[in-house]
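Participant: The following file, run_33.cif, comprises mmCIF, C-alpha atoms:
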data_my_file
#
loop_
_atom_site.label_atom_id
_atom_site.label_comp_id
_atom_site.auth_asym_id
_atom_site.auth_seq_id
_atom_site.Cartn_x
_atom_site.Cartn_y
_atom_site.Cartn_z
CA MET A 199 69.67 128.37 83.84
CA SER A 200 72.01 130.87 82.15
CA GLU A 201 75.40 129.93 80.72
CA CYS A 202 78.01 129.35 83.42
CA THR A 203 80.59 132.16 83.79
CA HIS A 204 82.64 130.15 86.33
CA ASP A 205 82.33 133.08 88.75
CA CYS A 206 80.78 131.47 91.84
CA SER A 207 80.75 134.76 93.73
CA SER A 208 77.91 136.06 91.57
CA CYS A 209 76.00 132.80 91.11
CA GLY A 210 73.24 131.26 93.20
CA GLU A 211 73.30 127.80 91.64
CA ASN A 212 74.33 124.81 93.76
CA CYS A 213 76.31 123.00 91.05
CA ALA A 214 79.16 120.54 91.40
CA SER A 215 81.76 123.23 90.72
CA ARG A 216 80.35 125.35 93.54
CA GLN A 217 80.32 122.41 95.92
CA ASN A 218 83.99 121.79 95.19
CA PRO A 219 85.37 125.11 93.96
CA GLY A 220 89.00 124.04 94.36
CA SER A 221 88.68 121.12 91.97
CA MET A 222 90.52 121.37 88.66
CA LEU A 223 89.29 118.02 87.36
CA GLU A 224 88.25 117.99 83.71
CA LYS A 225 85.44 115.88 82.32
CA PRO A 226 86.29 113.42 79.55
CA HIS A 227 84.59 113.68 76.17
CA GLU A 228 80.82 113.29 76.40
CA LEU A 229 81.07 110.07 74.35
CA SER A 230 83.67 108.61 76.72
CA GLU A 231 82.78 106.45 79.70
CA ILE A 232 85.97 105.60 81.59
CA ARG A 233 85.64 103.46 84.71
CA ARG A 234 89.19 103.47 86.14
CA VAL A 235 92.33 105.45 85.36
CA ILE A 236 95.83 104.42 86.45
CA GLY A 237 98.90 106.60 85.95
CA VAL A 238 102.32 105.03 85.36
CA VAL A 239 105.10 107.33 86.52
CA SER A 240 108.84 107.40 87.17
CA GLY A 241 111.15 109.80 88.92
CA LYS A 242 113.69 109.62 86.08
CA GLY A 243 113.80 108.53 82.46
CA GLY A 244 115.03 105.29 80.99
CA VAL A 245 113.64 102.91 83.60
CA GLY A 246 111.05 101.19 81.38
CA LYS A 247 107.89 103.06 82.30
CA SER A 248 106.35 102.76 78.84
CA MET A 249 107.08 99.04 78.75
CA VAL A 250 105.35 98.55 82.11
CA THR A 251 102.39 100.59 80.84
CA SER A 252 102.19 98.39 77.75
CA LEU A 253 102.45 95.13 79.70
CA LEU A 254 99.73 96.14 82.16
CA ALA A 255 97.43 97.17 79.30
CA VAL A 256 97.99 93.81 77.60
CA LEU A 257 97.15 91.99 80.84
CA ALA A 258 93.95 94.01 81.19
CA ASN A 259 92.99 93.31 77.60
CA ARG A 260 93.65 89.58 78.06
CA ALA A 261 91.38 89.67 81.11
CA GLY A 262 88.53 90.78 78.86
CA MET A 263 88.57 94.42 79.89
CA SER A 264 88.05 97.30 77.48
CA THR A 265 91.48 98.90 77.71
CA ALA A 266 93.06 102.18 76.63
CA ILE A 267 96.42 103.93 76.84
CA LEU A 268 96.79 107.71 76.91
CA ASP A 269 100.41 108.44 76.00
CA ALA A 270 101.22 111.58 77.97
CA ASP A 271 104.94 111.41 77.20
CA ILE A 272 104.65 114.01 74.44
CA THR A 273 108.34 114.58 73.71
CA GLY A 274 109.30 110.91 73.96
CA PRO A 275 106.30 108.85 72.84
CA SER A 276 107.09 105.15 72.59
CA ILE A 277 103.72 103.45 73.11
CA PRO A 278 102.84 103.33 69.37
CA ARG A 279 106.18 101.66 68.63
CA ALA A 280 105.61 98.95 71.24
CA PHE A 281 102.27 98.06 69.64
CA GLY A 282 103.33 98.47 66.02
CA LEU A 283 101.03 101.44 65.38
CA HIS A 284 102.16 103.59 62.48
CA GLY A 285 98.93 105.16 61.15
CA GLN A 286 97.48 108.56 61.93
CA ALA A 287 94.59 109.23 64.27
CA THR A 288 91.50 110.80 62.74
CA ALA A 289 89.14 113.52 63.88
CA ASP A 290 85.82 115.07 62.92
CA GLU A 291 83.44 117.62 64.38
CA MET A 292 82.72 115.29 67.30
CA GLY A 293 86.33 114.86 68.42
CA MET A 294 89.45 112.76 67.95
CA TYR A 295 89.50 108.98 67.64
CA PRO A 296 92.20 106.73 69.09
CA LEU A 297 93.84 104.00 67.06
CA ARG A 298 93.35 100.36 67.99
CA THR A 299 96.10 97.81 68.36
CA LYS A 300 95.86 94.33 66.87
CA THR A 301 94.03 93.04 69.93
CA GLY A 302 91.79 96.10 70.34
CA ILE A 303 93.60 98.31 72.87
CA ARG A 304 92.81 101.97 72.16
CA VAL A 305 95.82 104.29 71.99
CA MET A 306 96.26 108.02 71.62
CA SER A 307 99.74 109.48 71.27
CA VAL A 308 101.21 112.59 69.72
CA ASN A 309 103.10 110.31 67.33
CA LEU A 310 99.74 109.34 65.84
CA LEU A 311 99.15 112.99 64.93
CA LEU A 312 102.50 113.87 63.35
CA GLN A 313 103.15 113.86 59.62
CA ASN A 314 106.30 111.81 60.24
CA GLU A 315 106.67 109.79 63.44
CA THR A 316 110.34 110.84 63.72
CA ASP A 317 109.49 114.56 63.75
CA PRO A 318 110.49 116.17 67.07
CA VAL A 319 107.91 117.89 69.23
CA VAL A 320 109.54 121.24 70.03
CA TRP A 321 106.97 122.71 72.40
CA ARG A 322 107.21 124.52 75.71
CA GLY A 323 105.81 123.01 78.88
CA PRO A 324 102.38 124.68 78.96
CA VAL A 325 101.67 123.66 75.35
CA ILE A 326 102.67 120.07 76.10
CA ALA A 327 100.47 120.04 79.20
CA GLY A 328 97.56 121.43 77.16
CA CYS A 329 97.97 118.67 74.58
CA VAL A 330 97.79 116.01 77.29
CA LYS A 331 94.64 117.60 78.70
CA GLN A 332 93.08 117.52 75.22
CA PHE A 333 93.84 113.81 74.94
CA TRP A 334 91.58 113.42 77.99
CA THR A 335 88.82 115.90 77.06
CA ASP A 336 88.68 115.74 73.24
CA VAL A 337 89.37 112.09 72.42
CA ILE A 338 86.36 109.80 72.05
CA TRP A 339 87.44 106.82 74.17
CA GLY A 340 84.03 105.16 74.28
CA LYS A 341 83.30 102.68 77.07
CA THR A 342 86.60 101.92 78.75
CA ASP A 343 87.03 99.67 81.78
CA LEU A 344 90.65 100.58 82.45
CA MET A 345 92.83 103.39 81.08
CA PHE A 346 96.57 103.64 81.66
CA ILE A 347 98.32 107.00 81.34
CA ASP A 348 101.99 106.75 80.40
CA MET A 349 103.53 109.86 81.94
CA PRO A 350 106.84 111.54 81.20
CA PRO A 351 109.49 111.17 83.92
CA GLY A 352 109.83 113.60 86.79
CA THR A 353 107.43 115.89 88.63
CA GLY A 354 107.03 118.70 86.09
CA ASP A 355 104.21 120.27 84.08
CA VAL A 356 102.67 117.14 82.57
CA PRO A 357 102.49 114.96 85.72
CA LEU A 358 101.08 117.95 87.60
CA THR A 359 98.50 118.58 84.86
CA VAL A 360 97.42 114.93 84.87
CA PHE A 361 97.23 114.76 88.67
CA GLN A 362 95.06 117.90 88.75
CA SER A 363 92.93 117.37 85.65
CA VAL A 364 92.27 113.62 85.46
CA PRO A 365 90.45 111.63 88.18
CA LEU A 366 93.23 109.11 88.81
CA ASP A 367 92.39 106.02 90.83
CA GLY A 368 96.06 105.53 91.62
CA ILE A 369 99.56 105.43 90.22
CA ILE A 370 102.22 102.80 89.60
CA ILE A 371 105.84 103.91 90.08
CA VAL A 372 108.58 102.34 87.94
CA THR A 373 112.19 102.28 89.09
CA SER A 374 115.48 100.39 88.70
CA PRO A 375 117.87 98.89 91.27
CA GLN A 376 120.37 101.76 91.67
CA GLU A 377 120.41 103.51 95.03
CA LEU A 378 120.04 106.91 93.37
CA VAL A 379 116.73 105.82 91.89
CA SER A 380 115.26 105.09 95.33
CA MET A 381 115.72 108.79 96.06
CA VAL A 382 113.78 109.87 92.97
CA VAL A 383 111.09 107.28 93.79
CA GLU A 384 110.57 109.07 97.07
CA LYS A 385 110.07 112.34 95.19
CA ALA A 386 107.33 110.73 93.07
CA VAL A 387 105.67 109.28 96.18
CA LYS A 388 105.70 112.62 97.95
CA MET A 389 104.17 114.33 94.91
CA ALA A 390 101.39 111.73 94.83
CA LYS A 391 100.69 112.27 98.53
CA LEU A 392 100.56 116.04 98.03
CA MET A 393 97.94 115.48 95.33
CA ASN A 394 96.04 112.84 97.34
CA ILE A 395 96.67 110.14 94.73
CA PRO A 396 97.18 106.61 96.10
CA VAL A 397 100.36 104.75 95.14
CA LEU A 398 99.22 101.25 94.20
CA GLY A 399 102.55 99.59 93.55
CA LEU A 400 106.25 99.81 92.76
CA VAL A 401 107.84 98.05 89.78
CA GLU A 402 111.58 97.44 89.72
CA ASN A 403 112.74 97.02 86.14
CA PHE A 404 116.16 95.51 85.24
CA SER A 405 115.89 93.73 88.56
CA TYR A 406 117.85 90.63 87.58
CA PHE A 407 119.03 88.48 84.70
CA GLN A 408 117.99 84.84 84.67
CA CYS A 409 120.66 82.64 83.14
CA PRO A 410 119.18 80.42 80.40
CA ASP A 411 121.73 77.69 81.20
CA CYS A 412 121.73 77.37 85.00
CA GLY A 413 118.46 79.16 85.78
CA GLY A 414 120.16 81.30 88.40
CA GLN A 415 119.25 84.95 88.92
CA HIS A 416 122.04 87.51 88.72
CA ALA A 417 121.74 91.12 89.94
CA ILE A 418 123.52 92.86 87.06
CA TYR A 419 122.83 96.37 88.39
CA GLY A 420 123.39 95.56 92.05
CA GLU A 421 121.33 93.99 94.78
CA SER A 422 117.70 95.01 94.96
CA HIS A 423 116.42 97.23 97.76
CA VAL A 424 112.93 97.59 96.33
CA GLU A 425 111.17 95.77 99.17
CA GLU A 426 112.87 97.97 101.75
CA THR A 427 111.99 101.10 99.77
CA ALA A 428 108.37 100.00 99.39
CA LYS A 429 108.05 99.21 103.09
CA ARG A 430 109.56 102.55 104.11
CA LEU A 431 107.28 104.46 101.76
CA GLU A 432 104.23 102.32 102.62
CA ILE A 433 103.72 101.10 99.05
CA PRO A 434 101.57 97.95 99.22
CA THR A 435 102.74 95.93 96.20
CA VAL A 436 106.10 95.24 94.60
CA ALA A 437 106.86 93.62 91.24
CA LYS A 438 110.21 92.81 89.64
CA LEU A 439 110.89 92.73 85.92
CA PRO A 440 113.96 90.87 84.65
CA ILE A 441 116.43 91.92 82.00
CA ASP A 442 114.86 89.97 79.15
CA PRO A 443 116.20 90.47 75.60
CA LYS A 444 113.03 88.91 74.17
CA LEU A 445 110.86 91.51 75.90
CA ALA A 446 113.01 94.36 74.60
CA ALA A 447 112.91 92.87 71.10
CA ALA A 448 109.10 92.60 71.26
CA CYS A 449 108.85 96.33 72.07
CA ASP A 450 111.15 97.21 69.19
CA ALA A 451 109.22 94.98 66.79
CA GLY A 452 105.78 96.24 67.85
CA THR A 453 104.72 92.81 69.13
CA ILE A 454 104.39 93.52 72.85
CA GLU A 455 100.91 91.95 72.78
CA LEU A 456 102.53 88.53 72.27
CA PHE A 457 104.65 88.63 75.43
CA GLU A 458 104.66 85.74 77.88
CA GLY A 459 105.43 86.26 81.55
CA THR A 460 103.78 86.49 84.96
CA TRP A 461 105.98 89.17 86.52
CA LEU A 462 103.20 91.79 86.79
CA ASN A 463 100.24 89.50 87.54
CA GLY A 464 100.20 90.24 91.27
CA LEU A 465 100.42 93.97 90.67
CA PHE A 466 97.66 93.82 88.10
CA ASP A 467 95.38 92.06 90.62
CA THR A 468 95.79 94.99 93.03
CA ILE A 469 94.66 97.44 90.33
CA LEU A 470 91.31 95.71 89.80
#
The structure given in the file should be rewritten as C-alpha cells.
Facilitator:
Amino acid sequence: MSECTHDCSSCGENCASRQNPGSMLEKPHELSEIRRVIGVVSGKGGVGKSMVTSLLAVLANRAGMSTAILDADITGPSIPRAFGLHGQATADEMGMYPLRTKTGIRVMSVNLLLQNETDPVVWRGPVIAGCVKQFWTDVIWGKTDLMFIDMPPGTGDVPLTVFQSVPLDGIIIVTSPQELVSMVVEKAVKMAKLMNIPVLGLVENFSYFQCPDCGGQHAIYGESHVEETAKRLEIPTVAKLPIDPKLAAACDAGTIELFEGTWLNGLFDTIL
C-alpha cells in the first residue's frame, strides 16, 4: 500500500478514513493507550472548572485508576499549581512526557514547558488550538484508564478543537449559582449537542457556605437553581460544591491530593 495522500477521490483503499471521511478525530501517540476521556468545561471563567477537574482526577486516582489530566487552558493554566508541580516536562525523539504528581497522576500543561511559569502565553487562537492538539497526539501518556481535559471557558477555538479532534466520552459542565450563568450553561450544552458529545453532569460551585458553628447552609450567592437547569437541559447528574476556604487553600498550596469531601462522589460514579 502506498503512502496515504488523504485524497479519497483518487484512492481505492477501504480504510477507516474513507469509511468516515467527515471525521476529524486525531489518534493519540502510538505509545498511549487511553480508555476514557472526559472534558470539563464552563460557559464562563472563574467558576472553578480547574478545581473540579483536579478533584475528579484525585477521586479516580484514589479508586486505583491510572489517571491523567490534559490542561487545555493554555492562557490560564492552573492545574500544575493545584498539584504543586513546578518542574519542566521533557521530550526526546519519541515524544513528550507528562509530569507525575505526588500520587502518580500524569499532567501535561503549557506551564510545564515554559522557562518561567509566570511567563504569559501570547498566542493567537489557531496556535493555541494546535498546541492542545499536540498535547493529545505527541505526549506519551502510556496506559491511562481515565483522562480529564481541563478546557478554557467559552465555546471558542480550543473547545471546538478538542470536541473535533479528541474522542470524548462525555463532558462535565461547571457553573455557579447566578442566573446569568444558567444562560451560559445552556450555550455549552447546545455546543455539546451540536458535536454529539454527551453531557454527563453539572457541577454548581460556590453553591453554599456551611457554618462551622451551627452547621447550617447559607446561599451566599443566591438560591440555587441548578436542579431546575439540569432538568430543563436533560442533564442526568448534579453535584454541589460548597464555598470551602480549606479547599481553596489546598489548591493554592499545591496539596489538592489531600482533600477530604464527598461532594463529587455521585458524579464520579456516573463517569465510570
Participant: Report the residues retrieved by the PyMOL selection byres ((chain A and resi 233) around 9) from the displayed file, expressed as a PyMOL selection string.
Facilitator: chain A and resi 231-232+234-235+341-345
Participant: Using Å and a single decimal, report how far atom CA of A:Gly302 sits from atom CA of A:Asn259.
Facilitator: 7.9 Å
Participant: Which residues, named as in the file, does the PyMOL selection byres ((chain A and resi 372) around 9) pick out? Answer as a count of residues only.
Facilitator: 18
Participant: Give me the residues near stretch 261-267 of chain A as a VMD selection string, where near means some atom within 9 Å (using only C-alpha atoms) and where sequence neighbours in that chain fewer than 5 positions away do not count.
Facilitator: chain A and resid 251 to 252 255 to 256 277 296 298 302 to 307 339 341 to 348
Participant: Keeping C-alpha atoms, export the residues of the selection given above as a tab-separated table (two decimals), in the frame of the given file.
Facilitator:
chain	number	residue	atom	x	y	z
A	251	THR	CA	102.39	100.59	80.84
A	252	SER	CA	102.19	98.39	77.75
A	255	ALA	CA	97.43	97.17	79.30
A	256	VAL	CA	97.99	93.81	77.60
A	277	ILE	CA	103.72	103.45	73.11
A	296	PRO	CA	92.20	106.73	69.09
A	298	ARG	CA	93.35	100.36	67.99
A	302	GLY	CA	91.79	96.10	70.34
A	303	ILE	CA	93.60	98.31	72.87
A	304	ARG	CA	92.81	101.97	72.16
A	305	VAL	CA	95.82	104.29	71.99
A	306	MET	CA	96.26	108.02	71.62
A	307	SER	CA	99.74	109.48	71.27
A	339	TRP	CA	87.44	106.82	74.17
A	341	LYS	CA	83.30	102.68	77.07
A	342	THR	CA	86.60	101.92	78.75
A	343	ASP	CA	87.03	99.67	81.78
A	344	LEU	CA	90.65	100.58	82.45
A	345	MET	CA	92.83	103.39	81.08
A	346	PHE	CA	96.57	103.64	81.66
A	347	ILE	CA	98.32	107.00	81.34
A	348	ASP	CA	101.99	106.75	80.40
Participant: When distances are computed from all atoms listed in the file, which of A:Asp290, A:Glu224, A:Asp467, A:Asp336 shows the smallest separation from A:Ala437?
Facilitator: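 Looking only at the distances to A:Ala437, the closest residue turns out to be A:Asp467.
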Participant: Excluding stretch 315-319 of chain A and its own-chain neighbours fewer than 3 positions away, which residues fall within 7 Å of it when counting all atoms listed in the file? Please give them as a list in words.
Facilitator: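 Skipping anything fewer than 3 positions along the chain leaves Thr273, Asn309 and Leu312 of chain A.
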Participant: Just want the 10 Å neighbourhood of A:Glu384, counted on all atoms listed in the file, with same-chain residues fewer than 6 positions away dropped. Output as a PyMOL selection string.
Facilitator: chain A and resi 241+371+390+427-428+430-431
Participant: Would you work out the distance separating atom CA of A:Val360 from atom CA of A:Ala280, expressed in Å to one decimal?
Facilitator: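 Calculated distance between atom CA of A:Val360 and atom CA of A:Ala280 is 22.5 Å.
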Participant: Once the PyMOL selection byres ((chain A and resi 463) around 12) has been evaluated on this model, what residues remain selected, and can you format them as a tab-separated table (two decimals) with C-alpha atoms, in the frame of the given file?
Facilitator:
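Everything below was put into selection33.tsv:
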chain	number	residue	atom	x	y	z
A	250	VAL	CA	105.35	98.55	82.11
A	253	LEU	CA	102.45	95.13	79.70
A	254	LEU	CA	99.73	96.14	82.16
A	255	ALA	CA	97.43	97.17	79.30
A	256	VAL	CA	97.99	93.81	77.60
A	257	LEU	CA	97.15	91.99	80.84
A	258	ALA	CA	93.95	94.01	81.19
A	260	ARG	CA	93.65	89.58	78.06
A	261	ALA	CA	91.38	89.67	81.11
A	399	GLY	CA	102.55	99.59	93.55
A	401	VAL	CA	107.84	98.05	89.78
A	435	THR	CA	102.74	95.93	96.20
A	436	VAL	CA	106.10	95.24	94.60
A	437	ALA	CA	106.86	93.62	91.24
A	438	LYS	CA	110.21	92.81	89.64
A	439	LEU	CA	110.89	92.73	85.92
A	458	GLU	CA	104.66	85.74	77.88
A	459	GLY	CA	105.43	86.26	81.55
A	460	THR	CA	103.78	86.49	84.96
A	461	TRP	CA	105.98	89.17	86.52
A	462	LEU	CA	103.20	91.79	86.79
A	464	GLY	CA	100.20	90.24	91.27
A	465	LEU	CA	100.42	93.97	90.67
A	466	PHE	CA	97.66	93.82	88.10
A	467	ASP	CA	95.38	92.06	90.62
A	468	THR	CA	95.79	94.99	93.03
A	469	ILE	CA	94.66	97.44	90.33
A	470	LEU	CA	91.31	95.71	89.80
Participant: In Å, rounded to a single decimal, give me how far atom CA of A:Ile454 is from atom CA of A:Ala386.
Facilitator: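 Separating atom CA of A:Ala386 from atom CA of A:Ile454 is a distance of 26.7 Å.
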Participant: For A:Tyr419, which residue among A:Ser248, A:Ser405, A:Gln286, A:Thr359 is the nearest when counting all atoms listed in the file?
Facilitator: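 Checking each candidate against A:Tyr419, we get A:Ser405 as the closest.
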Participant: Using only C-alpha atoms, can you tell me which of A:Gly340, A:Pro365, A:Pro275, A:Pro350 comes closest to A:Ala327?
Facilitator: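 Among the listed residues, the smallest separation from A:Ala327 belongs to A:Pro350.
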Participant: Quick one: axis-aligned box around all listed atoms of stretch 223-235 of chain A, 3 Å on every side, centre and edge lengths in Å to one decimal, written as lines of an AutoDock Vina configuration file.
Facilitator:
center_x = 86.6
center_y = 110.7
center_z = 80.9
size_x = 17.5
size_y = 20.6
size_z = 19.0
Participant: Closest to A:Asp450 among A:Thr335, A:Arg279, A:Asn314, A:Ala270, using all atoms listed in the file?
Facilitator: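 Closest residue, counting all atoms listed in the file: A:Arg279.
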Participant: Which is closer to A:Lys391 than all the others in A:Gly413, A:Pro278, A:Gly368, A:Pro351, using only C-alpha atoms?
Facilitator: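 Counting only C-alpha atoms, the residue closest to A:Lys391 is A:Gly368.
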